[in-house]
file structure.cif (mmCIF, C-alpha atoms)
data_model
#
loop_
_atom_site.label_atom_id
_atom_site.label_comp_id
_atom_site.auth_asym_id
_atom_site.auth_seq_id
_atom_site.Cartn_x
_atom_site.Cartn_y
_atom_site.Cartn_z
CA MET A 550 7.17 -28.74 19.84
CA THR A 551 5.30 -28.29 16.60
CA ASP A 552 4.57 -24.99 14.94
CA SER A 553 0.94 -24.95 16.12
CA GLU A 554 1.94 -25.89 19.69
CA ILE A 555 4.42 -22.98 19.83
CA LYS A 556 1.79 -20.61 18.47
CA LYS A 557 -0.84 -21.78 20.93
CA ALA A 558 1.52 -21.61 23.93
CA LEU A 559 2.67 -18.08 23.10
CA LYS A 560 -0.89 -16.87 22.44
CA THR A 561 -1.92 -17.81 25.95
CA ILE A 562 0.52 -15.35 27.48
CA ASP A 563 -1.65 -12.76 29.13
CA ILE A 564 0.63 -9.98 30.29
CA LYS A 565 -0.73 -6.48 30.78
CA PRO A 566 0.65 -3.39 32.47
CA SER A 567 -1.06 -2.19 35.63
CA LYS A 568 -3.83 0.43 35.52
CA GLU A 569 -1.60 2.73 37.59
CA PHE A 570 1.13 2.51 34.96
CA LYS A 571 -1.33 3.24 32.12
CA SER A 572 -2.74 6.22 33.97
CA GLY A 573 0.79 7.48 34.74
CA LEU A 574 1.82 7.09 31.11
CA ASP A 575 -1.23 9.04 29.97
CA THR A 576 -0.44 11.88 32.40
CA ARG A 577 3.21 11.89 31.34
CA LEU A 578 2.33 12.10 27.65
CA LYS A 579 -0.18 14.89 28.25
CA TYR A 580 2.39 16.79 30.30
CA GLU A 581 4.93 16.27 27.51
CA SER A 582 2.39 17.57 25.01
CA LEU A 583 1.84 20.77 27.03
CA ASN A 584 5.55 21.24 27.64
CA HIS A 585 6.34 20.63 23.98
CA SER A 586 3.88 23.26 22.73
CA LYS A 587 5.08 25.76 25.38
CA VAL A 588 8.69 25.33 24.31
CA GLN A 589 7.71 25.88 20.70
CA GLN A 590 5.60 28.96 21.42
CA GLY A 591 8.24 30.41 23.73
CA SER A 592 10.73 30.55 20.90
CA ASN A 593 11.21 33.87 19.10
CA PHE A 594 10.92 32.03 15.81
CA TYR A 595 7.79 30.07 16.72
CA PHE A 596 5.69 32.01 14.22
CA LEU A 597 8.25 31.24 11.49
CA SER A 598 8.43 27.51 12.25
CA ASN A 599 4.65 27.41 12.45
CA PHE A 600 4.43 29.19 9.11
CA PHE A 601 6.83 26.76 7.47
CA MET A 602 4.87 23.81 8.83
CA LYS A 603 1.65 25.02 7.18
CA GLY A 604 2.56 23.39 3.89
CA LYS A 605 4.22 23.52 0.56
CA VAL A 606 2.00 26.31 -0.85
CA PHE A 607 3.11 28.76 1.81
CA PHE A 608 6.70 27.65 1.46
CA SER A 609 6.79 28.17 -2.31
CA THR A 610 5.05 31.56 -1.96
CA LEU A 611 7.65 32.55 0.56
CA ALA A 612 10.44 31.36 -1.74
CA VAL A 613 9.14 33.55 -4.62
CA LEU A 614 8.71 36.53 -2.31
CA THR A 615 12.22 36.04 -0.98
CA LEU A 616 13.65 36.06 -4.51
CA VAL A 617 11.80 39.28 -5.37
CA LEU A 618 12.83 40.90 -2.12
CA ALA A 619 16.42 39.78 -2.63
CA GLY A 620 16.57 41.94 -5.78
CA THR A 621 15.04 45.16 -4.60
CA GLY A 622 13.92 44.76 -1.02
CA PHE A 623 17.21 44.58 0.77
CA ALA A 624 18.41 47.89 -0.67
CA THR A 625 15.12 49.53 0.37
CA VAL A 626 15.27 48.03 3.85
CA SER A 627 18.87 49.16 4.22
CA ALA A 628 17.93 52.71 3.13
CA ALA A 629 14.95 52.64 5.51
CA ARG A 630 17.17 51.68 8.46
CA ASN A 631 19.25 54.83 7.84
CA SER A 632 16.23 57.11 7.42
CA LYS A 633 15.30 59.87 9.86
CA PRO A 634 11.91 61.25 10.95
CA GLY A 635 10.34 63.16 8.08
CA ASP A 636 12.04 60.97 5.43
CA ALA A 637 9.86 58.97 3.02
CA LEU A 638 11.22 55.61 4.25
CA PHE A 639 10.97 56.40 7.97
CA GLY A 640 7.57 54.60 8.13
CA LEU A 641 9.23 51.38 6.94
CA ASN A 642 11.97 51.87 9.52
CA LYS A 643 9.34 52.09 12.26
CA SER A 644 7.55 48.98 10.94
CA ILE A 645 10.80 46.99 11.17
CA ASP A 646 11.23 48.28 14.73
CA SER A 647 7.68 47.10 15.56
CA ILE A 648 8.43 43.60 14.24
CA GLU A 649 11.62 43.44 16.28
CA ARG A 650 9.74 44.69 19.34
CA SER A 651 7.08 41.98 19.00
CA LEU A 652 9.77 39.29 18.90
CA ILE A 653 11.19 40.24 22.31
CA ASN A 654 9.63 38.40 25.23
CA ASP A 655 12.02 39.31 28.00
CA ASP A 656 11.12 42.56 29.81
CA ALA A 657 14.75 43.56 30.50
CA LYS A 658 15.67 43.05 26.84
CA LYS A 659 12.61 45.09 25.83
CA VAL A 660 13.93 47.99 27.97
CA GLU A 661 17.35 47.68 26.26
CA PHE A 662 15.69 47.72 22.85
CA GLU A 663 13.60 50.81 23.66
CA GLN A 664 16.68 52.50 25.10
CA GLU A 665 18.56 51.97 21.81
CA LEU A 666 15.67 53.43 19.83
CA PHE A 667 15.46 56.35 22.26
CA ASP A 668 19.15 57.10 21.63
CA ASP A 669 18.53 56.91 17.86
CA ARG A 670 15.63 59.39 18.07
CA ALA A 671 17.76 61.72 20.20
CA ASN A 672 20.56 61.61 17.60
CA ASP A 673 18.04 62.21 14.81
CA LEU A 674 16.75 65.27 16.65
CA THR A 675 20.26 66.69 17.05
CA GLU A 676 21.09 66.15 13.37
CA ILE A 677 17.79 67.51 12.07
CA GLU A 678 18.21 70.59 14.25
CA LYS A 679 21.30 71.46 12.19
CA GLU A 680 19.33 71.19 8.92
CA ASN A 681 17.13 74.17 9.93
CA ASP A 682 13.98 72.49 8.57
CA LYS A 683 11.14 73.48 10.89
CA ASP A 684 8.61 70.81 9.68
CA LYS A 685 11.16 68.01 9.86
CA PHE A 686 12.22 69.20 13.30
CA GLU A 687 8.61 69.05 14.51
CA THR A 688 8.25 65.46 13.21
CA ALA A 689 11.53 64.43 14.85
CA LYS A 690 10.38 66.03 18.11
CA LYS A 691 7.11 64.04 18.00
CA GLU A 692 9.02 60.78 17.32
CA PHE A 693 11.38 61.55 20.19
CA GLU A 694 8.43 62.11 22.55
CA LEU A 695 6.73 58.90 21.37
CA GLN A 696 9.89 56.89 21.93
CA TYR A 697 10.29 58.53 25.34
CA GLU A 698 6.83 57.21 26.29
CA LYS A 699 7.62 53.73 24.96
CA LEU A 700 10.81 53.51 26.98
CA LYS A 701 8.99 54.78 30.04
CA LYS A 702 6.31 52.09 29.61
CA ALA A 703 8.91 49.37 29.06
CA LEU A 704 10.56 50.42 32.33
CA GLU A 705 7.23 50.36 34.19
CA ASP A 706 6.44 46.85 32.86
CA CYS A 707 9.85 45.52 33.84
CA ASP A 708 9.74 44.03 37.34
CA ASN A 709 13.24 42.57 37.53
CA CYS A 710 15.33 45.50 36.40
CA GLU A 711 15.40 47.91 39.34
CA GLU A 712 19.09 48.68 38.90
CA GLN A 713 18.58 49.32 35.20
CA LYS A 714 15.62 51.57 36.06
CA GLN A 715 17.71 53.81 38.31
CA VAL A 716 20.48 54.21 35.73
CA LEU A 717 18.02 54.88 32.96
CA GLU A 718 15.97 57.32 35.01
CA GLN A 719 19.09 59.42 35.53
CA GLN A 720 19.78 59.29 31.83
CA PHE A 721 16.12 60.15 31.19
CA GLU A 722 16.45 63.34 33.15
CA GLN A 723 19.67 64.31 31.34
CA ASP A 724 18.21 63.55 27.94
CA LYS A 725 14.99 65.33 28.78
CA GLN A 726 16.92 68.43 29.83
CA GLN A 727 19.05 68.19 26.71
CA PHE A 728 15.92 67.83 24.63
CA GLU A 729 14.24 70.85 26.20
CA ASP A 730 17.41 72.92 25.76
CA SER A 731 17.70 71.86 22.13
CA VAL A 732 14.05 72.79 21.52
CA ASP A 733 14.62 76.24 23.08
CA ASP A 734 17.85 76.76 21.13
CA SER A 735 16.29 75.71 17.86
CA ASN A 736 13.33 78.05 18.38
CA ASP A 737 15.78 80.85 19.13
CA SER A 738 17.89 80.03 16.13
CA VAL A 739 14.83 79.89 13.87
CA GLU A 740 13.70 83.32 15.16
CA ASP A 741 17.22 84.78 14.95
CA SER A 742 17.74 83.55 11.45
CA SER A 743 14.47 85.04 10.21
CA ASP A 744 15.27 88.40 11.82
CA ASP A 745 18.81 88.48 10.48
CA SER A 746 17.85 87.65 6.93
CA SER A 747 15.15 90.34 6.68
CA ASN A 748 17.43 93.01 8.15
CA ASP A 749 20.25 91.89 5.89
CA SER A 750 18.14 92.24 2.79
CA VAL A 751 16.97 95.71 3.81
CA ASP A 752 20.52 96.74 4.64
CA ASP A 753 21.77 95.35 1.33
CA VAL A 754 19.24 97.36 -0.65
CA SER A 755 20.01 100.58 1.28
CA ASP A 756 23.73 99.93 0.81
CA ASP A 757 23.16 99.49 -2.90
CA SER A 758 21.27 102.75 -3.08
CA ASN A 759 24.01 104.44 -1.09
CA ASP A 760 26.57 102.96 -3.44
CA SER A 761 24.74 104.32 -6.45
CA SER A 762 24.42 107.76 -4.83
CA ASP A 763 28.09 107.61 -3.97
CA SER A 764 29.00 106.79 -7.55
CA SER A 765 26.97 109.72 -8.87
CA SER A 766 28.67 112.03 -6.39
CA GLU A 767 32.02 110.59 -7.52
CA ASN A 768 31.09 111.46 -11.11
CA GLU A 769 30.23 115.00 -10.05
CA ASN A 770 33.58 115.33 -8.27
CA GLU A 771 35.26 113.93 -11.35
CA SER A 772 33.62 116.58 -13.57
CA GLU A 773 34.55 119.24 -11.02
CA THR A 774 38.16 118.04 -11.07
CA LYS A 775 38.08 118.00 -14.86
CA SER A 776 36.69 121.56 -15.01
CA GLU A 777 39.27 122.67 -12.45
CA GLY A 778 42.00 121.12 -14.60
CA LYS A 779 40.63 122.83 -17.71
CA ASN A 780 40.69 126.18 -15.91
CA GLU A 781 44.28 125.63 -14.81
CA ILE A 782 45.34 124.89 -18.43
CA GLU A 783 43.48 127.97 -19.69
CA ASN A 784 45.12 130.07 -16.97
CA GLU A 785 48.56 128.71 -17.91
CA VAL A 786 47.92 129.47 -21.66
CA GLU A 787 46.80 133.00 -20.77
CA ASN A 788 49.85 133.43 -18.52
CA GLU A 789 52.17 132.21 -21.33
CA SER A 790 50.54 134.49 -23.89
CA ASN A 791 50.87 137.40 -21.46
CA ASP A 792 54.52 136.54 -20.92
CA ASP A 793 54.95 136.53 -24.70
CA MET B 746 0.58 14.37 8.29
CA GLU B 747 -0.33 17.80 9.73
CA ASP B 748 1.06 18.38 13.21
CA ALA B 749 -2.19 19.03 15.06
CA GLN B 750 -3.98 16.19 13.28
CA SER B 751 -1.22 13.64 13.93
CA GLU B 752 -1.01 14.70 17.59
CA SER B 753 -4.73 14.19 18.23
CA GLN B 754 -4.55 10.90 16.26
CA PHE B 755 -1.64 9.81 18.46
CA PHE B 756 -3.64 10.36 21.66
CA ASP B 757 -6.56 8.42 20.15
CA ASP B 758 -4.41 5.49 18.97
CA TYR B 759 -1.64 4.96 21.46
CA LYS B 760 -3.85 3.45 24.20
CA SER B 761 -4.80 0.49 22.02
CA HIS B 762 -1.10 -0.34 21.61
CA VAL B 763 0.13 0.00 25.21
CA ASP B 764 -0.64 -3.64 26.15
CA LEU B 765 1.03 -5.03 23.02
CA ILE B 766 4.20 -2.99 23.46
CA TYR B 767 4.40 -3.71 27.17
CA LYS B 768 4.04 -7.46 26.56
CA TYR B 769 6.77 -7.47 23.92
CA ILE B 770 9.19 -5.51 26.11
CA TYR B 771 8.34 -7.61 29.18
CA LEU B 772 9.22 -10.82 27.33
CA ARG B 773 12.33 -9.31 25.81
CA VAL B 774 13.89 -7.91 28.98
CA GLY B 775 13.63 -11.13 30.98
CA LYS B 776 10.18 -10.59 32.50
CA SER B 777 11.05 -7.61 34.68
CA ARG B 778 7.91 -5.56 35.31
CA GLU B 779 9.84 -2.45 36.37
CA THR B 780 12.11 -2.45 33.31
CA ALA B 781 9.17 -3.22 31.03
CA GLU B 782 7.29 -0.21 32.42
CA ASP B 783 10.29 2.09 32.03
CA LEU B 784 10.94 1.02 28.47
CA THR B 785 7.25 1.13 27.50
CA GLN B 786 7.05 4.70 28.75
CA ASP B 787 10.29 5.49 26.95
CA THR B 788 8.87 4.03 23.72
CA PHE B 789 5.72 6.15 23.78
CA LEU B 790 7.58 9.31 24.73
CA LYS B 791 10.01 8.78 21.84
CA ALA B 792 7.06 8.12 19.53
CA TYR B 793 5.34 11.33 20.62
CA VAL B 794 8.45 13.50 20.30
CA ASN B 795 9.26 12.05 16.85
CA LEU B 796 5.71 12.08 15.57
CA ASN B 797 6.69 14.32 12.64
CA LYS B 798 8.98 11.51 11.39
CA PHE B 799 6.14 8.99 11.17
CA ASN B 800 5.14 8.27 7.59
CA SER B 801 1.91 6.29 7.32
CA SER B 802 2.61 5.43 3.67
CA LYS B 803 5.75 3.50 4.66
CA ALA B 804 4.54 1.62 7.75
CA SER B 805 1.53 1.29 10.02
CA PHE B 806 1.49 3.03 13.41
CA LYS B 807 1.78 -0.39 15.09
CA THR B 808 4.86 -1.37 13.04
CA TRP B 809 6.45 2.02 13.75
CA LEU B 810 5.83 1.64 17.51
CA PHE B 811 7.37 -1.84 17.53
CA ARG B 812 10.44 -0.50 15.79
CA ILE B 813 10.86 2.17 18.48
CA ALA B 814 10.23 -0.43 21.20
CA ARG B 815 12.85 -2.73 19.71
CA ASN B 816 15.39 0.11 19.64
CA SER B 817 14.59 0.93 23.28
CA VAL B 818 15.24 -2.72 24.21
CA ILE B 819 18.51 -2.78 22.25
CA ASP B 820 19.64 0.44 23.96
CA TRP B 821 18.75 -1.02 27.35
CA TYR B 822 20.78 -4.18 26.67
CA ARG B 823 23.65 -2.06 25.43
CA LEU B 824 23.61 -0.11 28.68
CA LYS B 825 23.37 -3.24 30.80
CA LYS B 826 25.90 -5.04 28.59
CA ILE B 827 23.63 -8.06 28.56
CA HIS B 828 23.10 -9.64 25.19
CA THR B 829 21.83 -13.09 26.07
CA VAL B 830 20.48 -14.66 29.21
CA ASP B 831 21.38 -18.21 30.11
CA ILE B 832 18.77 -20.80 31.03
CA GLU B 833 19.27 -20.31 34.79
CA ASN B 834 18.71 -16.55 34.55
CA ALA B 835 15.77 -17.03 32.25
CA GLU B 836 14.16 -19.36 34.79
CA MET B 837 14.90 -16.91 37.60
CA TYR B 838 13.19 -14.06 35.72
CA GLY B 839 10.18 -16.28 35.16
CA LYS B 840 9.01 -16.16 38.79
CA GLU B 841 7.12 -12.87 38.56
CA GLU B 842 4.25 -13.75 36.26
CA THR B 843 2.26 -16.96 36.43
CA MET B 844 2.04 -18.65 33.06
CA GLY B 845 1.19 -22.14 31.97
CA GLU B 846 3.99 -24.69 32.45
CA LEU B 847 4.40 -25.14 28.72
CA THR B 848 4.49 -21.41 28.10
CA GLU B 849 7.06 -20.91 30.88
CA TYR B 850 9.22 -23.58 29.34
CA LEU B 851 8.86 -22.06 25.88
CA ILE B 852 9.81 -18.59 27.13
CA THR B 853 12.98 -19.90 28.80
CA ARG B 854 13.96 -21.54 25.50
CA ILE B 855 13.25 -18.38 23.51
CA ASN B 856 15.34 -16.35 25.96
CA ILE B 857 18.48 -18.33 25.19
CA MET B 858 18.22 -17.49 21.50
CA ALA B 859 20.02 -14.54 19.90
CA PRO B 860 18.21 -11.20 20.44
CA ILE B 861 17.18 -10.80 16.79
CA GLU B 862 15.89 -14.41 16.70
CA ARG B 863 13.85 -13.78 19.83
CA ASP B 864 12.38 -10.70 18.19
CA VAL B 865 11.25 -12.42 15.02
CA ILE B 866 9.74 -15.33 16.98
CA LEU B 867 7.68 -12.93 19.10
CA TYR B 868 6.64 -10.82 16.10
CA LYS B 869 5.63 -13.91 14.13
CA TYR B 870 3.83 -15.97 16.77
CA ILE B 871 2.41 -13.41 19.22
CA TYR B 872 1.73 -10.36 17.06
CA GLU B 873 1.29 -12.18 13.72
CA PHE B 874 3.19 -9.56 11.76
CA SER B 875 3.75 -10.35 8.08
CA ASP B 876 7.33 -11.00 6.86
CA LYS B 877 7.30 -7.56 5.22
CA GLU B 878 6.30 -5.84 8.45
CA ILE B 879 8.98 -7.72 10.38
CA ALA B 880 11.51 -6.58 7.76
CA LEU B 881 10.47 -2.97 8.41
CA ILE B 882 10.80 -3.35 12.19
CA ILE B 883 14.22 -5.02 12.15
CA LYS B 884 15.46 -2.88 9.23
CA LYS B 885 16.49 -5.79 7.00
CA SER B 886 15.62 -6.75 3.44
CA ASN B 887 12.57 -8.96 2.82
CA VAL B 888 14.72 -11.90 1.68
CA ALA B 889 17.09 -11.64 4.64
CA THR B 890 14.10 -11.41 6.99
CA ARG B 891 12.46 -14.51 5.51
CA VAL B 892 15.68 -16.46 5.91
CA LEU B 893 16.06 -15.23 9.49
CA ILE B 894 12.46 -16.17 10.38
CA SER B 895 12.86 -19.65 8.93
CA ARG B 896 16.18 -20.20 10.71
CA SER B 897 14.79 -18.92 14.05
CA ILE B 898 11.74 -21.20 13.90
CA LYS B 899 13.95 -24.21 13.15
CA LYS B 900 16.22 -23.28 16.05
CA LEU B 901 13.30 -22.89 18.48
CA LYS B 902 11.87 -26.21 17.41
CA LYS B 903 15.23 -27.83 18.03
CA LEU B 904 15.50 -26.18 21.45
CA THR B 905 12.04 -27.41 22.44
CA GLU B 906 12.65 -31.01 21.32
CA THR B 907 13.40 -31.91 24.90
CA LYS B 908 10.17 -32.62 26.74
CA ILE B 909 9.50 -30.88 30.10
#

call {"tool": "encode", "arguments": {"input": "structure.cif", "output": "C-alpha cells"}}
result
Amino acid sequence: MTDSEIKKALKTIDIKPSKEFKSGLDTRLKYESLNHSKVQQGSNFYFLSNFFMKGKVFFSTLAVLTLVLAGTGFATVSAARNSKPGDALFGLNKSIDSIERSLINDDAKKVEFEQELFDDRANDLTEIEKENDKDKFETAKKEFELQYEKLKKALEDCDNCEEQKQVLEQQFEQDKQQFEDSVDDSNDSVEDSSDDSSNDSVDDVSDDSNDSSDSSSENENESETKSEGKNEIENEVENESNDD
Amino acid sequence: MEDAQSESQFFDDYKSHVDLIYKYIYLRVGKSRETAEDLTQDTFLKAYVNLNKFNSSKASFKTWLFRIARNSVIDWYRLKKIHTVDIENAEMYGKEETMGELTEYLITRINIMAPIERDVILYKYIYEFSDKEIALIIKKSNVATRVLISRSIKKLKKLTETKI
C-alpha cells in the first residue's frame, strides 16, 4: 500500500461512541466537579488553599507578612494566649479563639472546644479572685458568663452528642454552683477587707495616741521617782549630819 | 490558568474531543467497545482531576488529552499483560464494527506492530499531528520521534505489501 492509500483507508474509519456513553460521561464529569469542590470546601484549610491559589501577588504579600510576624508577632501571640480577662492582650486571645472556632465544622468537636474555653475562663476567675481587683473580677465574671452561653449553645446545636450533653450538664451545674459561691465569697471578702482596713487605721491612730499619752505619763512617773530619790538622799544627808 | 477559568474551559472543550479520543482508544485496544468506553471515561476523569497540571504554553489541550489517553491504554495493557495481538486475535476483534475491507485489513496489520509504532501511525495518519506534537505525546525527543515515525511507516508498508 502506498502512503496515500494508507492515509485514505484510515481516514474512512468512522468510529464514534454512543450517545448514551457521551451523556453518561458528561454526568460523571459534572458529578466529579461537584464532589471535587465539596471535598475542597469541606477541608479546614480550604480558605488557605483558596488564598494561595489566588496568585503570586497574594503569595508574596503573605510571605512578607509572615517574615514581619516571625520577628514580633509570635511573641505577642504567645503573650496573648497567656492573658486573662482585663489584660491588654486578652482581646487578641479572644480573636484567636474566634478563628479557631470558625475552623471547626464538627458539632461534637465544637462542644469540646467550647468546654476547654469554659474551663479556662473558670480558672481565670479563680485566679483573678485572689488578686482582689474588683474591676478585673467583674470583667472575668462577664467573660465566664459569655463562655457559659457559648458552651450552652454549642450543646444545643449538637445533635449527635447526647452522652456528652449529660456529662457536661452535670459539670455545668457544679461549675455554676462553684461560680456563684465564688462570687458570694469574693463580695464578702471585698466587704470584709474594706471594713477591716478602716477599723485598723482608726485603731492604729488611737493606739498611737495612747502610746504618746503613756509615754508622757511614764515621764511624769520618772520625774516623781527622781524627786523621791532626791528626797531620800537629802533625808540621808540630814540624818548623817544629825548623827554627827 | 486560573482554576475556575480552566474548569469552565474544560467543560466547553472536552466534548469536541470525545470522539477523537474514543476512536484512538478503540483502535488501540483491539476494537473493544466496552474497553474503549471505560478508558475514554478514565482519560477525561484524569484530565479533569489534573487540570491544574495542564500548561497551554507547552502543549495544546488536544495533545495533552492524547497523552493521557495513551497512558491509560498503556496501563490497561500492563494490567492485562497483553503487549501485542497476533493476526488471528486482531481479526477476531474486528467483528464488532463494520469497516471497508481495505480498512479492516489495514487495521489488522497495524495491530501486529509494536505498541509505540501503532501509536505513531494513528497519530500521523488519522489525527495528522505534527512530528513535534507526537514527540510531546510519546515523551521522546524530536529526532527520536522522526526516526520512529519513518521506521513505523516503512514497516507498515512492508506489512501491507501482500494484497488482500

call {"tool": "interface_residues", "arguments": {"input": "structure.cif", "of": "chain B", "to": "chain A", "cutoff": "6 Å", "atoms": "only C-alpha atoms", "output": "count of residues only"}}
result
7

call {"tool": "axis_aligned_box", "arguments": {"input": "structure.cif", "around": "range 778-796 of chain B", "padding_each_side": "3 Å", "output": "JSON"}}
result
{"center_x": 8.7, "center_y": 4.0, "center_z": 26.0, "size_x": 12.8, "size_y": 25.1, "size_z": 26.8}

call {"tool": "resolve_selection", "arguments": {"input": "structure.cif", "expression": "the PyMOL selection byres ((chain B and resi 786) around 12)", "output": "PDB file with C-alpha atoms, keeping the file's coordinate frame"}}
result
ATOM      1  CA  PRO A 566       0.650  -3.390  32.470  1.00  0.00           C
ATOM      2  CA  PHE A 570       1.130   2.510  34.960  1.00  0.00           C
ATOM      3  CA  LYS A 571      -1.330   3.240  32.120  1.00  0.00           C
ATOM      4  CA  SER A 572      -2.740   6.220  33.970  1.00  0.00           C
ATOM      5  CA  GLY A 573       0.790   7.480  34.740  1.00  0.00           C
ATOM      6  CA  LEU A 574       1.820   7.090  31.110  1.00  0.00           C
ATOM      7  CA  ASP A 575      -1.230   9.040  29.970  1.00  0.00           C
ATOM      8  CA  THR A 576      -0.440  11.880  32.400  1.00  0.00           C
ATOM      9  CA  ARG A 577       3.210  11.890  31.340  1.00  0.00           C
ATOM     10  CA  LEU A 578       2.330  12.100  27.650  1.00  0.00           C
ATOM     11  CA  GLU A 581       4.930  16.270  27.510  1.00  0.00           C
TER      12      GLU A 581
ATOM     13  CA  TYR B 759      -1.640   4.960  21.460  1.00  0.00           C
ATOM     14  CA  LYS B 760      -3.850   3.450  24.200  1.00  0.00           C
ATOM     15  CA  HIS B 762      -1.100  -0.340  21.610  1.00  0.00           C
ATOM     16  CA  VAL B 763       0.130   0.000  25.210  1.00  0.00           C
ATOM     17  CA  ASP B 764      -0.640  -3.640  26.150  1.00  0.00           C
ATOM     18  CA  ILE B 766       4.200  -2.990  23.460  1.00  0.00           C
ATOM     19  CA  TYR B 767       4.400  -3.710  27.170  1.00  0.00           C
ATOM     20  CA  ILE B 770       9.190  -5.510  26.110  1.00  0.00           C
ATOM     21  CA  GLU B 779       9.840  -2.450  36.370  1.00  0.00           C
ATOM     22  CA  THR B 780      12.110  -2.450  33.310  1.00  0.00           C
ATOM     23  CA  ALA B 781       9.170  -3.220  31.030  1.00  0.00           C
ATOM     24  CA  GLU B 782       7.290  -0.210  32.420  1.00  0.00           C
ATOM     25  CA  ASP B 783      10.290   2.090  32.030  1.00  0.00           C
ATOM     26  CA  LEU B 784      10.940   1.020  28.470  1.00  0.00           C
ATOM     27  CA  THR B 785       7.250   1.130  27.500  1.00  0.00           C
ATOM     28  CA  ASP B 787      10.290   5.490  26.950  1.00  0.00           C
ATOM     29  CA  THR B 788       8.870   4.030  23.720  1.00  0.00           C
ATOM     30  CA  PHE B 789       5.720   6.150  23.780  1.00  0.00           C
ATOM     31  CA  LEU B 790       7.580   9.310  24.730  1.00  0.00           C
ATOM     32  CA  LYS B 791      10.010   8.780  21.840  1.00  0.00           C
ATOM     33  CA  ALA B 792       7.060   8.120  19.530  1.00  0.00           C
ATOM     34  CA  TYR B 793       5.340  11.330  20.620  1.00  0.00           C
ATOM     35  CA  LEU B 810       5.830   1.640  17.510  1.00  0.00           C
ATOM     36  CA  ILE B 813      10.860   2.170  18.480  1.00  0.00           C
ATOM     37  CA  ALA B 814      10.230  -0.430  21.200  1.00  0.00           C
ATOM     38  CA  SER B 817      14.590   0.930  23.280  1.00  0.00           C
ATOM     39  CA  VAL B 818      15.240  -2.720  24.210  1.00  0.00           C
TER      40      VAL B 818
END

call {"tool": "residues_around", "arguments": {"input": "structure.cif", "residues": "range 797-809 of chain B", "least_positions_apart": "6", "cutoff": "10 Å", "atoms": "all atoms listed in the file", "output": "ChimeraX atom specification"}}
result
/B:746-748,751-752,755,758-759,761-762,765-766,815,874,877-882

call {"tool": "write_last_selection", "arguments": {"input": "structure.cif", "atoms": "C-alpha atoms", "output": "tab-separated table (two decimals), in the coordinates of the input"}}
result
chain	number	residue	atom	x	y	z
B	746	MET	CA	0.58	14.37	8.29
B	747	GLU	CA	-0.33	17.80	9.73
B	748	ASP	CA	1.06	18.38	13.21
B	751	SER	CA	-1.22	13.64	13.93
B	752	GLU	CA	-1.01	14.70	17.59
B	755	PHE	CA	-1.64	9.81	18.46
B	758	ASP	CA	-4.41	5.49	18.97
B	759	TYR	CA	-1.64	4.96	21.46
B	761	SER	CA	-4.80	0.49	22.02
B	762	HIS	CA	-1.10	-0.34	21.61
B	765	LEU	CA	1.03	-5.03	23.02
B	766	ILE	CA	4.20	-2.99	23.46
B	815	ARG	CA	12.85	-2.73	19.71
B	874	PHE	CA	3.19	-9.56	11.76
B	877	LYS	CA	7.30	-7.56	5.22
B	878	GLU	CA	6.30	-5.84	8.45
B	879	ILE	CA	8.98	-7.72	10.38
B	880	ALA	CA	11.51	-6.58	7.76
B	881	LEU	CA	10.47	-2.97	8.41
B	882	ILE	CA	10.80	-3.35	12.19

call {"tool": "atom_distance", "arguments": {"input": "structure.cif", "atom1": "CA of Leu583 in chain A", "atom2": "CA of Asp706 in chain A"}}
result
27.1 Å

call {"tool": "atom_distance", "arguments": {"input": "structure.cif", "atom1": "CA of Val892 in chain B", "atom2": "CA of Tyr872 in chain B"}}
result
18.9 Å

call {"tool": "resolve_selection", "arguments": {"input": "structure.cif", "expression": "the PyMOL selection byres ((chain A and resi 665) around 12)", "output": "list in words"}}
result
Asp646, Arg650, Lys658, Lys659, Val660, Glu661, Phe662, Glu663, Gln664, Leu666, Phe667, Asp668, Asp669, Arg670, Ala671, Asn672, Gln696, Tyr697, Lys699, Leu700 and Leu717 of chain A

call {"tool": "write_last_selection", "arguments": {"input": "structure.cif", "atoms": "C-alpha atoms", "output": "short mmCIF file (atom, residue, chain, number, x, y, z; two decimals), keeping the file's coordinate frame"}}
result
data_model
loop_
_atom_site.label_atom_id
_atom_site.label_comp_id
_atom_site.auth_asym_id
_atom_site.auth_seq_id
_atom_site.Cartn_x
_atom_site.Cartn_y
_atom_site.Cartn_z
CA ASP A 646 11.23 48.28 14.73
CA ARG A 650 9.74 44.69 19.34
CA LYS A 658 15.67 43.05 26.84
CA LYS A 659 12.61 45.09 25.83
CA VAL A 660 13.93 47.99 27.97
CA GLU A 661 17.35 47.68 26.26
CA PHE A 662 15.69 47.72 22.85
CA GLU A 663 13.60 50.81 23.66
CA GLN A 664 16.68 52.50 25.10
CA LEU A 666 15.67 53.43 19.83
CA PHE A 667 15.46 56.35 22.26
CA ASP A 668 19.15 57.10 21.63
CA ASP A 669 18.53 56.91 17.86
CA ARG A 670 15.63 59.39 18.07
CA ALA A 671 17.76 61.72 20.20
CA ASN A 672 20.56 61.61 17.60
CA GLN A 696 9.89 56.89 21.93
CA TYR A 697 10.29 58.53 25.34
CA LYS A 699 7.62 53.73 24.96
CA LEU A 700 10.81 53.51 26.98
CA LEU A 717 18.02 54.88 32.96
#
